Every structure is written in C-alpha cells, then in structure tokens.
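A.B. asks: What follows is work_39.cif, made up of mmCIF, C-alpha atoms and all ligand atoms:
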```
data_input
#
loop_
_atom_site.label_atom_id
_atom_site.label_comp_id
_atom_site.auth_asym_id
_atom_site.auth_seq_id
_atom_site.Cartn_x
_atom_site.Cartn_y
_atom_site.Cartn_z
CA MET O 226 -2.53 -28.67 -8.94
CA LYS O 227 -2.64 -32.11 -10.45
CA LYS O 228 -6.38 -32.84 -10.43
CA ILE O 229 -9.11 -30.41 -11.32
CA ALA O 230 -12.81 -30.68 -12.20
CA VAL O 231 -15.33 -28.83 -14.30
CA LEU O 232 -19.09 -28.42 -13.92
CA THR O 233 -21.90 -26.55 -15.65
CA SER O 234 -24.72 -25.17 -13.57
CA GLY O 235 -27.92 -23.11 -13.85
CA GLY O 236 -29.66 -22.50 -17.17
CA ASP O 237 -27.67 -24.07 -19.99
CA ALA O 238 -26.28 -21.89 -22.76
CA PRO O 239 -24.96 -22.63 -26.26
CA GLY O 240 -21.18 -22.71 -26.05
CA MET O 241 -21.00 -24.41 -22.66
CA ASN O 242 -19.73 -27.54 -24.43
CA ALA O 243 -17.01 -25.54 -26.16
CA ALA O 244 -15.97 -24.21 -22.73
CA VAL O 245 -15.93 -27.72 -21.21
CA ARG O 246 -13.80 -28.91 -24.13
CA ALA O 247 -11.36 -26.04 -23.60
CA VAL O 248 -11.05 -26.79 -19.88
CA VAL O 249 -10.46 -30.50 -20.46
CA ARG O 250 -7.97 -30.11 -23.30
CA LYS O 251 -6.06 -27.25 -21.67
CA ALA O 252 -5.72 -29.22 -18.42
CA ILE O 253 -4.51 -32.34 -20.21
CA TYR O 254 -2.11 -30.20 -22.26
CA HIS O 255 -0.56 -29.17 -18.93
CA ASN O 256 -0.49 -32.78 -17.66
CA VAL O 257 -3.28 -32.17 -15.20
CA GLU O 258 -5.98 -34.79 -14.67
CA VAL O 259 -9.46 -33.45 -15.25
CA PHE O 260 -12.81 -34.69 -13.99
CA GLY O 261 -16.33 -33.89 -15.15
CA ILE O 262 -18.98 -33.30 -12.51
CA PHE O 263 -22.31 -34.34 -14.05
CA GLY O 264 -25.51 -32.48 -13.13
CA GLY O 265 -24.11 -29.26 -11.62
CA TYR O 266 -23.89 -28.87 -7.83
CA ALA O 267 -26.55 -31.58 -7.35
CA GLY O 268 -24.29 -34.04 -9.18
CA LEU O 269 -21.34 -32.92 -7.12
CA ILE O 270 -23.12 -33.68 -3.87
CA SER O 271 -24.13 -37.11 -5.03
CA GLY O 272 -20.60 -37.82 -6.27
CA ASN O 273 -21.46 -37.99 -9.96
CA ILE O 274 -17.86 -37.39 -10.98
CA GLU O 275 -15.92 -39.06 -13.81
CA GLN O 276 -12.46 -38.61 -15.22
CA LEU O 277 -12.45 -37.09 -18.72
CA ASN O 278 -9.92 -37.62 -21.47
CA LEU O 279 -9.24 -35.96 -24.81
CA GLY O 280 -11.86 -38.12 -26.52
CA SER O 281 -14.55 -37.38 -23.90
CA VAL O 282 -14.87 -33.88 -25.33
CA GLY O 283 -14.51 -34.81 -29.00
CA ASP O 284 -17.30 -33.76 -31.34
CA ILE O 285 -18.99 -31.38 -28.90
CA ILE O 286 -17.64 -27.95 -29.86
CA HIS O 287 -20.57 -27.36 -32.21
CA ARG O 288 -23.31 -28.76 -29.98
CA GLY O 289 -25.79 -26.78 -27.89
CA GLY O 290 -26.69 -27.75 -24.32
CA THR O 291 -24.06 -29.19 -22.02
CA MET O 292 -22.61 -32.71 -22.07
CA LEU O 293 -22.06 -32.34 -18.31
CA LEU O 294 -25.80 -31.73 -17.75
CA SER O 295 -26.99 -28.87 -15.60
CA ALA O 296 -29.29 -28.22 -12.67
CA ARG O 297 -30.46 -25.49 -10.38
CA LEU O 298 -29.84 -26.20 -6.70
CA PRO O 299 -31.11 -23.38 -4.44
CA GLU O 300 -30.12 -25.46 -1.37
CA PHE O 301 -26.46 -24.93 -2.25
CA LYS O 302 -26.77 -21.69 -0.25
CA GLU O 303 -26.73 -23.79 2.90
CA GLU O 304 -23.33 -24.42 4.44
CA GLU O 305 -24.22 -27.99 5.33
CA VAL O 306 -24.83 -28.76 1.64
CA GLN O 307 -21.62 -26.98 0.60
CA LEU O 308 -19.63 -29.10 3.04
CA LYS O 309 -21.02 -32.27 1.49
CA ALA O 310 -19.68 -31.01 -1.85
CA VAL O 311 -16.26 -30.33 -0.32
CA GLU O 312 -16.22 -33.85 1.09
CA GLN O 313 -16.92 -35.35 -2.36
CA LEU O 314 -14.18 -33.24 -3.96
CA LYS O 315 -11.66 -34.22 -1.29
CA LYS O 316 -12.63 -37.88 -1.64
CA ALA O 317 -11.86 -37.68 -5.38
CA GLY O 318 -8.62 -35.78 -4.73
CA ILE O 319 -9.83 -32.76 -6.72
CA GLU O 320 -7.92 -29.60 -5.89
CA GLY O 321 -9.72 -26.97 -7.95
CA VAL O 322 -12.94 -26.54 -9.95
CA VAL O 323 -13.94 -24.56 -13.02
CA VAL O 324 -17.59 -23.54 -12.64
CA ILE O 325 -19.39 -22.57 -15.84
CA GLY O 326 -22.70 -20.77 -15.27
CA GLY O 327 -24.44 -17.61 -14.16
CA ASP O 328 -24.54 -15.68 -10.91
CA GLY O 329 -26.12 -18.51 -8.88
CA SER O 330 -23.30 -20.79 -10.01
CA TYR O 331 -20.76 -18.11 -9.09
CA ARG O 332 -22.17 -17.95 -5.55
CA GLY O 333 -21.52 -21.68 -5.25
CA ALA O 334 -17.98 -21.22 -6.60
CA LYS O 335 -17.34 -18.46 -4.09
CA ALA O 336 -18.58 -20.66 -1.22
CA LEU O 337 -16.41 -23.63 -2.26
CA THR O 338 -13.39 -21.35 -2.54
CA GLY O 339 -14.14 -20.17 1.00
CA HIS O 340 -14.14 -23.79 2.14
CA GLY O 341 -10.64 -24.34 0.74
CA ILE O 342 -11.40 -25.61 -2.79
CA PRO O 343 -10.23 -22.93 -5.23
CA CYS O 344 -12.79 -22.30 -7.97
CA VAL O 345 -12.79 -20.12 -11.06
CA GLY O 346 -16.05 -18.88 -12.61
CA VAL O 347 -16.66 -18.88 -16.36
CA PRO O 348 -19.71 -16.81 -17.43
CA GLY O 349 -22.17 -19.10 -19.18
CA THR O 350 -25.70 -17.77 -19.55
CA ILE O 351 -27.77 -16.44 -22.42
CA ASP O 352 -28.85 -13.48 -20.25
CA ASN O 353 -25.50 -11.61 -20.50
CA ASP O 354 -26.12 -10.37 -16.97
CA ILE O 355 -22.75 -11.02 -15.32
CA SER O 356 -20.58 -8.14 -14.30
CA GLY O 357 -16.83 -8.32 -15.09
CA THR O 358 -17.42 -9.38 -18.68
CA GLN O 359 -18.92 -7.65 -21.68
CA TYR O 360 -20.24 -10.94 -23.03
CA THR O 361 -21.34 -14.22 -21.50
CA ILE O 362 -21.15 -17.54 -23.34
CA GLY O 363 -24.46 -18.22 -25.12
CA TYR O 364 -25.68 -14.67 -25.41
CA ASP O 365 -24.62 -14.19 -29.02
CA THR O 366 -26.23 -17.46 -30.14
CA ALA O 367 -29.46 -16.69 -28.27
CA LEU O 368 -29.53 -13.24 -29.82
CA ASN O 369 -29.23 -14.72 -33.30
CA THR O 370 -32.01 -17.20 -32.53
CA VAL O 371 -34.25 -14.32 -31.45
CA ILE O 372 -33.42 -12.29 -34.55
CA ASP O 373 -34.23 -15.24 -36.76
CA ALA O 374 -37.61 -15.51 -35.01
CA ILE O 375 -38.30 -11.77 -35.29
CA ASP O 376 -37.55 -11.85 -39.03
CA LYS O 377 -40.02 -14.69 -39.51
CA ILE O 378 -42.69 -13.05 -37.40
CA ARG O 379 -42.16 -9.83 -39.35
CA ASP O 380 -43.14 -11.64 -42.58
CA THR O 381 -46.53 -12.65 -41.25
CA ALA O 382 -46.95 -9.33 -39.39
CA THR O 383 -46.54 -7.49 -42.70
CA SER O 384 -48.93 -9.75 -44.60
CA HIS O 385 -51.66 -9.24 -42.03
CA GLU O 386 -50.75 -5.66 -41.05
CA ARG O 387 -50.58 -6.71 -37.45
CA THR O 388 -48.89 -5.62 -34.27
CA PHE O 389 -46.81 -8.40 -32.70
CA ILE O 390 -45.50 -8.65 -29.19
CA ILE O 391 -42.49 -10.95 -28.85
CA GLU O 392 -41.54 -12.01 -25.33
CA VAL O 393 -37.88 -12.96 -24.95
CA MET O 394 -35.83 -14.36 -22.06
CA GLY O 395 -33.82 -12.29 -19.63
CA ARG O 396 -34.93 -12.73 -16.05
CA ASP O 397 -33.40 -9.57 -14.62
CA ALA O 398 -31.59 -8.19 -17.64
CA GLY O 399 -32.79 -6.64 -20.87
CA ASP O 400 -29.71 -7.38 -23.00
CA ILE O 401 -31.38 -9.93 -25.28
CA ALA O 402 -34.48 -7.75 -25.72
CA LEU O 403 -32.48 -4.61 -26.35
CA SER O 404 -30.01 -5.94 -28.90
CA ALA O 405 -32.57 -8.16 -30.63
CA GLY O 406 -35.00 -5.26 -30.74
CA LEU O 407 -32.43 -2.96 -32.28
CA ALA O 408 -31.18 -5.58 -34.75
CA GLY O 409 -34.72 -6.71 -35.58
CA GLY O 410 -36.04 -3.19 -36.18
CA ALA O 411 -38.60 -3.32 -33.36
CA GLU O 412 -40.66 -0.17 -32.81
CA THR O 413 -40.78 -0.65 -29.04
CA ILE O 414 -38.44 -2.45 -26.64
CA ILE O 415 -39.50 -3.07 -23.06
CA ILE O 416 -36.67 -3.93 -20.66
CA PRO O 417 -36.35 -4.16 -16.86
CA GLU O 418 -33.75 -1.38 -16.77
CA GLU O 419 -36.18 1.32 -17.93
CA ASN O 420 -39.80 2.07 -17.00
CA TYR O 421 -42.30 1.46 -19.72
CA ASN O 422 -45.35 3.53 -20.45
CA ILE O 423 -48.37 1.95 -22.14
CA PRO O 424 -49.97 5.28 -23.25
CA GLU O 425 -46.66 6.22 -24.94
CA ILE O 426 -46.44 2.81 -26.64
CA CYS O 427 -50.02 3.15 -27.89
CA ALA O 428 -49.33 6.67 -29.18
CA ARG O 429 -46.30 5.35 -31.15
CA LEU O 430 -48.41 2.54 -32.58
CA LYS O 431 -51.16 4.97 -33.67
CA LYS O 432 -48.64 7.37 -35.18
CA GLY O 433 -47.12 4.51 -37.17
CA GLN O 434 -50.53 3.39 -38.40
CA GLU O 435 -51.36 6.96 -39.46
CA ARG O 436 -48.28 7.17 -41.61
CA GLY O 437 -49.19 3.89 -43.28
CA LYS O 438 -46.99 1.41 -41.42
CA LYS O 439 -47.92 -2.13 -42.27
CA HIS O 440 -46.96 -3.71 -38.97
CA SER O 441 -45.32 -3.14 -35.61
CA ILE O 442 -43.02 -5.26 -33.51
CA ILE O 443 -42.80 -4.86 -29.75
CA ILE O 444 -40.10 -6.80 -27.86
CA VAL O 445 -40.60 -7.41 -24.17
CA ALA O 446 -38.08 -8.95 -21.77
CA GLU O 447 -39.78 -11.60 -19.61
CA GLY O 448 -38.44 -9.92 -16.47
CA VAL O 449 -40.73 -6.90 -16.94
CA ALA O 450 -44.08 -8.35 -17.87
CA SER O 451 -45.49 -11.19 -19.92
CA GLY O 452 -46.23 -10.66 -23.60
CA PRO O 453 -49.94 -11.48 -23.15
CA ASP O 454 -50.15 -8.95 -20.32
CA ILE O 455 -48.67 -6.17 -22.45
CA GLY O 456 -51.08 -7.13 -25.25
CA LYS O 457 -54.02 -6.86 -22.86
CA GLN O 458 -52.94 -3.44 -21.64
CA ILE O 459 -52.56 -2.16 -25.23
CA LYS O 460 -55.99 -3.48 -26.19
CA GLU O 461 -57.63 -1.88 -23.16
CA LEU O 462 -56.13 1.52 -23.81
CA SER O 463 -56.13 1.78 -27.59
CA ASN O 464 -58.31 -1.03 -28.88
CA ILE O 465 -55.37 -2.20 -31.04
CA ASP O 466 -55.36 -5.98 -31.52
CA THR O 467 -52.04 -7.72 -31.08
CA ARG O 468 -50.64 -11.21 -31.53
CA VAL O 469 -48.18 -12.53 -28.98
CA SER O 470 -45.23 -14.91 -29.42
CA VAL O 471 -43.42 -16.19 -26.36
CA LEU O 472 -40.10 -17.54 -27.64
CA GLY O 473 -39.22 -19.45 -24.46
CA HIS O 474 -36.57 -22.14 -24.26
CA ILE O 475 -35.90 -22.21 -28.00
CA GLN O 476 -33.54 -19.36 -27.07
CA ARG O 477 -31.40 -21.66 -24.95
CA GLY O 478 -30.71 -24.30 -27.60
CA GLY O 479 -28.95 -24.65 -30.90
CA SER O 480 -25.45 -24.84 -32.23
CA PRO O 481 -23.28 -22.09 -30.74
CA SER O 482 -22.28 -19.21 -33.00
CA ALA O 483 -18.64 -18.77 -34.02
CA PHE O 484 -18.43 -15.89 -31.55
CA ASP O 485 -19.60 -18.08 -28.66
CA ARG O 486 -17.25 -20.94 -29.57
CA VAL O 487 -14.24 -18.63 -29.67
CA LEU O 488 -15.27 -16.90 -26.46
CA ALA O 489 -15.89 -20.20 -24.67
CA SER O 490 -12.55 -21.63 -25.82
CA ARG O 491 -10.66 -18.57 -24.61
CA LEU O 492 -12.47 -18.30 -21.27
CA GLY O 493 -12.30 -22.03 -20.49
CA ALA O 494 -8.57 -22.15 -21.18
CA ARG O 495 -7.89 -19.05 -19.10
CA ALA O 496 -9.84 -20.50 -16.17
CA VAL O 497 -7.52 -23.51 -16.13
CA GLU O 498 -4.47 -21.24 -16.20
CA LEU O 499 -5.78 -19.38 -13.17
CA LEU O 500 -6.25 -22.61 -11.23
CA LEU O 501 -2.73 -23.69 -12.17
CA GLU O 502 -1.46 -20.32 -10.95
CA ASN O 503 -3.32 -21.13 -7.72
CA ARG O 504 -5.59 -18.14 -8.14
CA GLY O 505 -8.98 -19.46 -7.07
CA GLY O 506 -11.88 -17.13 -6.27
CA ARG O 507 -11.62 -15.42 -9.67
CA ALA O 508 -14.09 -15.05 -12.53
CA VAL O 509 -12.93 -14.75 -16.12
CA GLY O 510 -14.44 -12.40 -18.66
CA ILE O 511 -13.82 -10.45 -21.81
CA GLN O 512 -13.37 -6.68 -22.04
CA ASN O 513 -12.60 -5.04 -25.39
CA ASN O 514 -11.57 -8.44 -26.77
CA VAL O 515 -9.02 -9.02 -24.00
CA ILE O 516 -9.52 -11.93 -21.58
CA VAL O 517 -9.54 -10.58 -18.03
CA ASP O 518 -10.22 -11.95 -14.56
CA SER O 519 -11.77 -10.36 -11.50
CA ASP O 520 -12.46 -11.22 -7.89
CA ILE O 521 -15.60 -13.36 -7.90
CA THR O 522 -16.94 -11.59 -4.80
CA LYS O 523 -16.62 -8.24 -6.57
CA VAL O 524 -18.33 -9.62 -9.68
CA LEU O 525 -21.21 -10.86 -7.54
CA SER O 526 -21.58 -7.55 -5.73
CA GLU O 527 -21.62 -5.40 -8.86
CA ILE O 528 -24.68 -4.70 -10.93
CA HIS O 529 -24.46 -5.57 -14.58
CA HIS O 530 -25.06 -2.41 -16.62
CA ILE O 531 -26.90 -2.27 -19.88
CA ASP O 532 -26.06 0.25 -22.57
CA LEU O 533 -29.10 2.52 -22.53
CA ASP O 534 -27.70 4.43 -25.52
CA LEU O 535 -28.86 1.44 -27.57
CA LEU O 536 -32.41 2.00 -26.36
CA ARG O 537 -32.27 5.67 -27.28
CA LEU O 538 -30.85 4.75 -30.68
CA SER O 539 -33.58 2.21 -31.33
CA LYS O 540 -36.21 4.86 -30.51
CA GLU O 541 -34.57 7.30 -32.90
CA LEU O 542 -34.39 4.73 -35.68
CA SER O 543 -37.94 3.43 -35.30
CA ILE O 544 -39.83 6.77 -35.49
O1 LIG X 601 -30.83 -17.73 -16.79
C1 LIG X 601 -31.15 -18.06 -18.08
C2 LIG X 601 -32.62 -18.21 -18.24
O2 LIG X 601 -32.83 -18.74 -19.54
C3 LIG X 601 -33.44 -16.95 -18.04
O3 LIG X 601 -33.45 -16.11 -19.16
C4 LIG X 601 -34.80 -17.54 -17.73
O4 LIG X 601 -35.56 -16.65 -16.96
C5 LIG X 601 -34.46 -18.75 -16.94
O5 LIG X 601 -33.16 -19.13 -17.33
C6 LIG X 601 -35.40 -19.92 -17.12
O6 LIG X 601 -34.97 -20.95 -16.30
P1 LIG X 601 -35.56 -22.40 -16.28
O7 LIG X 601 -35.14 -23.07 -17.55
O8 LIG X 601 -34.95 -23.03 -15.08
O9 LIG X 601 -37.04 -22.26 -16.22
#
```
Take the structure in this file and express it as structure tokens.
Ligand code: F6P

C.D. replies:
Amino acid sequence: MKKIAVLTSGGDAPGMNAAVRAVVRKAIYHNVEVFGIFGGYAGLISGNIEQLNLGSVGDIIHRGGTMLLSARLPEFKEEEVQLKAVEQLKKAGIEGVVVIGGDGSYRGAKALTGHGIPCVGVPGTIDNDISGTQYTIGYDTALNTVIDAIDKIRDTATSHERTFIIEVMGRDAGDIALSAGLAGGAETIIIPEENYNIPEICARLKKGQERGKKHSIIIVAEGVASGPDIGKQIKELSNIDTRVSVLGHIQRGGSPSAFDRVLASRLGARAVELLLENRGGRAVGIQNNVIVDSDITKVLSEIHHIDLDLLRLSKELSI
C-alpha cells in the first residue's frame, strides 16, 4: 500500500488525536502517503479528504477531541451510502483506512473492507465497551475526570451531610460507573450489567445514616436510568432527600492521560502495520499490556464483559 487514510468517528474520546498522530507519523516513516478524512463517514462521503504531513499532526498529542472532527452517521448502514464512500476513496487513490472509534465505527470499517477497501479498527471511545481489548482510548482519561468530579462532590456532600447521585456516561456499559465508583468510594454503583434494587439501596443508606455516616455517594450509569429518576425512587420509598449531578459531556473532553497517549500511540502504529501487511478487516487492542489484533467481525459479534468482581469488592468495601 502506498496511500492510506485515517478517520475518527462516533463520540470523540481523549487520545484520538494521539492515535491520529501515530497513524500519520508511522505511515510517513514507512514512506506511505497518508490522508485525513474530516468529519467521520459523513466527511468521507462528501470527499472531505486532505493529505497530511508530519507537521499536520504536530502539537496535538496532548489535546482532547479530534483534529479530524467526528460525526455519527446511522445511514452508513445502507449499502448505497457505503458505495459512495468507496467511490470517494478510489477517486483519491486510497488503498486502506484506519478507523478510530467505537462499535458503530467498526461496523462501517467492516462494510468498507467487504467492499474491497481494507480497514483496521482502533478502539476509541470513553465507554470501554469494545470486545478484543481490555482498554479503549479515552476511557482512562474519562475515568479520571469522573473521579475528580466525585472528589469535589464529596466535599460538599460531607459539609451538608447529603446523599448525592452522580450520573455518568456509558450507554450500554457500566465500566466508567464501576471503576469510578470503586475509586471514588461510592456506597452504591448502578450499572446496566446488574439489576438494581431500590429497597436494598435505601436500606444501605439508612444503615449508613444509623452508624453516623456523614454522606453517601451513588453512581449510576446513564444506560440504566437517569440520576433524577433514581433520586425520585429513593425519595418515594425512604423519604431520603438527594442531590443529583449529571456529569455529561465533560467526561468526553480534556487532555488525555499518559495512559491514553501511550495506548493511542501503540494502537495507531500497529493499525498502520496491519494495513501494510495487507491485513484489513482487523481490530487492534491491548491484552495484558500486549498489542493484539482480532477479526473485526468477531469483535463486533462478541459482548464486552465487565469485571463483576469489582462490583462485589466495592460492596464489601463500602459497608
Ligand atoms: O459513546 C460514547 C458516549 O459518550 C456515550 O457514553 C454516550 O451515551 C454517548 O456517547 C453520547 O453521544 P452524543 O454525544 O452523540 O450525544
């Protein structure tokens, strides 16, 4: 391959820029021309493609967001739309694409590979919900943002002896909620992977109050219920007043952590190697600190598993 491209798609994640930089620099290192597709699959269809050089990715390794811009394009499921993308790639002479994003982006990469343009997926999402990798780019930074918020909320919760509900992101996965809850000392963590029980939560809150606890923190993943909804249910059952903080998109921004920058650099570089080995249809990941790659179709068909031992541990430690 002599010409490849890179795009970022779906929800942005801190560290995407570091991954783009790795793709661009690794390709140029191997004398391969590299193009940036701006605006995800939507930008691809409209031909928003520009050649990148070493300087194009200077001064971005520490920046959140994505210099390539991102978008969600549900219509990319349709073959007609995919073929328009293939046409644009062929017109630009691009032989392979590195796709940085979550599962929706991977589905697009799989489709393009099927249409004869080899693609490699790089996991970029704060949700950490991609199979085939223990960590996705952006997850660590988002987790640290959430912990910082929990620590701050804890200060005011203690002063006012209040119960706080903190709603965090994670559409279908509870990874952020679970790890942030454990690291932030939350009394209760509500995640999509395990049923929650309001009477049990209220009983834990009451027990804590009886033994003189000054405050309680409940973390809820957005994919289960909204924070205000959980607060309402607690009030109805136990008459305990709560305050709710919905952290929202603050979790998607910010300078990537060292962990995310290293991960993104390693994964981006490996994705280029796979394209140069003519091994499209793969997704890169990290397992026990080793960079691995798997069949993208397999990655898409597998369910991402959460470590429920962490939930048990958090319950044991927050008695
Ligand atoms: O996929 C990442 C994510 O941040 C999810 O946690 C969240 O549900 C979703 O994106 C929000 O997407 P949008 O920014 O398009 O509303």

A.B. asks: CA of Asp534 in chain O to CA of Gly357 in chain O: how many Å, to one decimal?

C.D. replies: 19.7 Å

A.B. asks: Rank nothing, just name the residue among O:Gly333, O:Gly272, O:Gly448, O:Gly290 nearest to ligand LIG 601 (chain X), using all atoms listed in the file.

C.D. replies: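 Result for the nearest residue to ligand LIG 601 (chain X): O:Gly448.
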
A.B. asks: Which distance in Å separates CA of Asn256 in chain O and CA of Lys228 in chain O, to one decimal?

C.D. replies: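 Distance reported for this atom pair: 9.3 Å.
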
A.B. asks: Go through chain O and flag each residue having an atom no more than 7 Å from ligand LIG 601 (chain X); for those, report the closest pair of atoms plus their distance in Å to one decimal, using all atoms listed in the file, ordered by chain and rising number, as CSV.

C.D. replies:
```
residue,atom,partner,partner_atom,distance
O:Gly235,CA,X:LIG601,O1,6.8
O:Gly236,CA,X:LIG601,C1,4.8
O:Arg297,CA,X:LIG601,O8,6.9
O:Gly327,CA,X:LIG601,O1,6.9
O:Thr350,CA,X:LIG601,C1,5.7
O:Ile351,CA,X:LIG601,C1,5.7
O:Asp352,CA,X:LIG601,O3,5.4
O:Met394,CA,X:LIG601,O3,4.1
O:Gly395,CA,X:LIG601,O3,3.9
O:Arg396,CA,X:LIG601,O4,4.1
O:His474,CA,X:LIG601,O2,6.9
O:Arg477,CA,X:LIG601,O2,6.3
```

A.B. asks: For Ser490 in chain O, which residue out of O:Gly510, O:Asp520, O:Phe260, O:Pro424 is the nearest one, using all atoms listed in the file?

C.D. replies: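 Using all atoms listed in the file, the shortest distance to Ser490 in chain O belongs to O:Gly510.
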
A.B. asks: I'd like to know which of O:Leu492, O:Leu293, O:Ala238, O:Ile426 is closest to Glu275 in chain O, using all atoms listed in the file.

C.D. replies: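 Of the candidates, the smallest distance to Glu275 in chain O is held by O:Leu293.
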
A.B. asks: Calculate how many Å separate CA of Pro299 in chain O from CA of Gly268 in chain O, rounding to one decimal.

C.D. replies: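 CA of Gly268 in chain O lies 13.5 Å from CA of Pro299 in chain O.
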
A.B. asks: Determine the nearest neighbour of Ala367 in chain O from the options O:Ala267, O:Leu472, O:Leu407, O:Ile342, counting all atoms listed in the file.

C.D. replies: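 Checking each of O:Ala267, O:Leu472, O:Leu407, O:Ile342 against Ala367 in chain O, counting all atoms listed in the file, the winner is O:Leu472.
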
A.B. asks: Show me, as a list in words, the residues that have an atom within 12 Å of Val469 in chain O when counting all atoms listed in the file, minus same-chain residues fewer than 2 positions from it.

C.D. replies: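 Answer for this query is Ile375, Ile378, Ala382, Arg387, Thr388, Phe389, Ile390, Ile391, Glu392, Val393, Ser441, Ile442, Ile443, Ile444, Val445, Ser451, Gly452, Pro453, Asp454, Ile455, Gly456, Lys457, Ile459, Asp466, Thr467, Val471 and Leu472 of chain O.
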
A.B. asks: Of the candidates O:Asn353, O:Thr291, O:Gln458, O:Gln276, which one gets nearest to Ala398 in chain O if we count only C-alpha atoms?

C.D. replies: O:Asn353

A.B. asks: Please provide the set of residues having any atom within 9 Å of Ser384 in chain O, restricted to only C-alpha atoms, with same-chain residues fewer than 3 positions apart removed, written as a list in words.

C.D. replies: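 In the requested form, the answer reads Arg379, Asp380, Thr381, Arg387, Lys439 and His440 of chain O.
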
A.B. asks: Under the rule that all atoms listed in the file are counted, which of O:Asp328, O:Val282, O:Ala296, O:Ala483 is the nearest residue to Ile528 in chain O?

C.D. replies: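 Of the candidates, the smallest distance to Ile528 in chain O is held by O:Asp328.
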
A.B. asks: Kindly add N, CA and C atoms to the incomplete range 233-255 of chain O and provide the output as an mmCIF file, in the coordinates of the input.

C.D. replies:
```
data_model
loop_
_atom_site.group_PDB
_atom_site.id
_atom_site.type_symbol
_atom_site.label_atom_id
_atom_site.label_comp_id
_atom_site.auth_asym_id
_atom_site.auth_seq_id
_atom_site.Cartn_x
_atom_site.Cartn_y
_atom_site.Cartn_z
ATOM 1 N N THR O 233 -21.025 -27.590 -15.098
ATOM 2 C CA THR O 233 -21.900 -26.550 -15.650
ATOM 3 C C THR O 233 -23.135 -26.507 -14.756
ATOM 4 N N SER O 234 -23.623 -25.288 -14.514
ATOM 5 C CA SER O 234 -24.720 -25.170 -13.570
ATOM 6 C C SER O 234 -25.677 -24.053 -13.988
ATOM 7 N N GLY O 235 -26.912 -24.114 -13.505
ATOM 8 C CA GLY O 235 -27.920 -23.110 -13.850
ATOM 9 C C GLY O 235 -28.468 -23.358 -15.256
ATOM 10 N N GLY O 236 -29.098 -22.347 -15.823
ATOM 11 C CA GLY O 236 -29.660 -22.500 -17.170
ATOM 12 C C GLY O 236 -28.553 -22.773 -18.175
ATOM 13 N N ASP O 237 -28.734 -23.778 -19.019
ATOM 14 C CA ASP O 237 -27.670 -24.070 -19.990
ATOM 15 C C ASP O 237 -27.581 -22.962 -21.025
ATOM 16 N N ALA O 238 -26.485 -22.952 -21.771
ATOM 17 C CA ALA O 238 -26.280 -21.890 -22.760
ATOM 18 C C ALA O 238 -25.439 -22.459 -23.898
ATOM 19 N N PRO O 239 -25.762 -22.125 -25.146
ATOM 20 C CA PRO O 239 -24.960 -22.630 -26.260
ATOM 21 C C PRO O 239 -23.519 -22.140 -26.136
ATOM 22 N N GLY O 240 -22.590 -23.071 -26.225
ATOM 23 C CA GLY O 240 -21.180 -22.710 -26.050
ATOM 24 C C GLY O 240 -20.618 -23.287 -24.767
ATOM 25 N N MET O 241 -21.502 -23.788 -23.889
ATOM 26 C CA MET O 241 -21.000 -24.410 -22.660
ATOM 27 C C MET O 241 -20.119 -25.610 -23.016
ATOM 28 N N ASN O 242 -20.538 -26.378 -24.027
ATOM 29 C CA ASN O 242 -19.730 -27.540 -24.430
ATOM 30 C C ASN O 242 -18.348 -27.116 -24.911
ATOM 31 N N ALA O 243 -18.312 -26.026 -25.659
ATOM 32 C CA ALA O 243 -17.010 -25.540 -26.160
ATOM 33 C C ALA O 243 -16.126 -25.139 -24.972
ATOM 34 N N ALA O 244 -16.742 -24.601 -23.921
ATOM 35 C CA ALA O 244 -15.970 -24.210 -22.730
ATOM 36 C C ALA O 244 -15.473 -25.454 -21.987
ATOM 37 N N VAL O 245 -16.331 -26.469 -21.880
ATOM 38 C CA VAL O 245 -15.930 -27.720 -21.210
ATOM 39 C C VAL O 245 -14.751 -28.337 -21.974
ATOM 40 N N ARG O 246 -14.870 -28.353 -23.290
ATOM 41 C CA ARG O 246 -13.800 -28.910 -24.130
ATOM 42 C C ARG O 246 -12.485 -28.168 -23.875
ATOM 43 N N ALA O 247 -12.570 -26.841 -23.806
ATOM 44 C CA ALA O 247 -11.360 -26.040 -23.600
ATOM 45 C C ALA O 247 -10.726 -26.362 -22.244
ATOM 46 N N VAL O 248 -11.567 -26.489 -21.219
ATOM 47 C CA VAL O 248 -11.050 -26.790 -19.880
ATOM 48 C C VAL O 248 -10.340 -28.149 -19.893
ATOM 49 N N VAL O 249 -11.012 -29.132 -20.471
ATOM 50 C CA VAL O 249 -10.460 -30.500 -20.460
ATOM 51 C C VAL O 249 -9.143 -30.555 -21.250
ATOM 52 N N ARG O 250 -9.163 -29.989 -22.443
ATOM 53 C CA ARG O 250 -7.970 -30.110 -23.300
ATOM 54 C C ARG O 250 -6.805 -29.279 -22.753
ATOM 55 N N LYS O 251 -7.122 -28.102 -22.221
ATOM 56 C CA LYS O 251 -6.060 -27.250 -21.670
ATOM 57 C C LYS O 251 -5.427 -27.931 -20.451
ATOM 58 N N ALA O 252 -6.259 -28.536 -19.607
ATOM 59 C CA ALA O 252 -5.720 -29.220 -18.420
ATOM 60 C C ALA O 252 -4.821 -30.377 -18.843
ATOM 61 N N ILE O 253 -5.311 -31.179 -19.784
ATOM 62 C CA ILE O 253 -4.510 -32.340 -20.210
ATOM 63 C C ILE O 253 -3.213 -31.867 -20.879
ATOM 64 N N TYR O 254 -3.304 -30.780 -21.624
ATOM 65 C CA TYR O 254 -2.110 -30.200 -22.260
ATOM 66 C C TYR O 254 -1.035 -29.899 -21.211
ATOM 67 N N HIS O 255 -1.502 -29.486 -20.018
ATOM 68 C CA HIS O 255 -0.560 -29.170 -18.930
ATOM 69 C C HIS O 255 -0.338 -30.358 -17.988
#
```
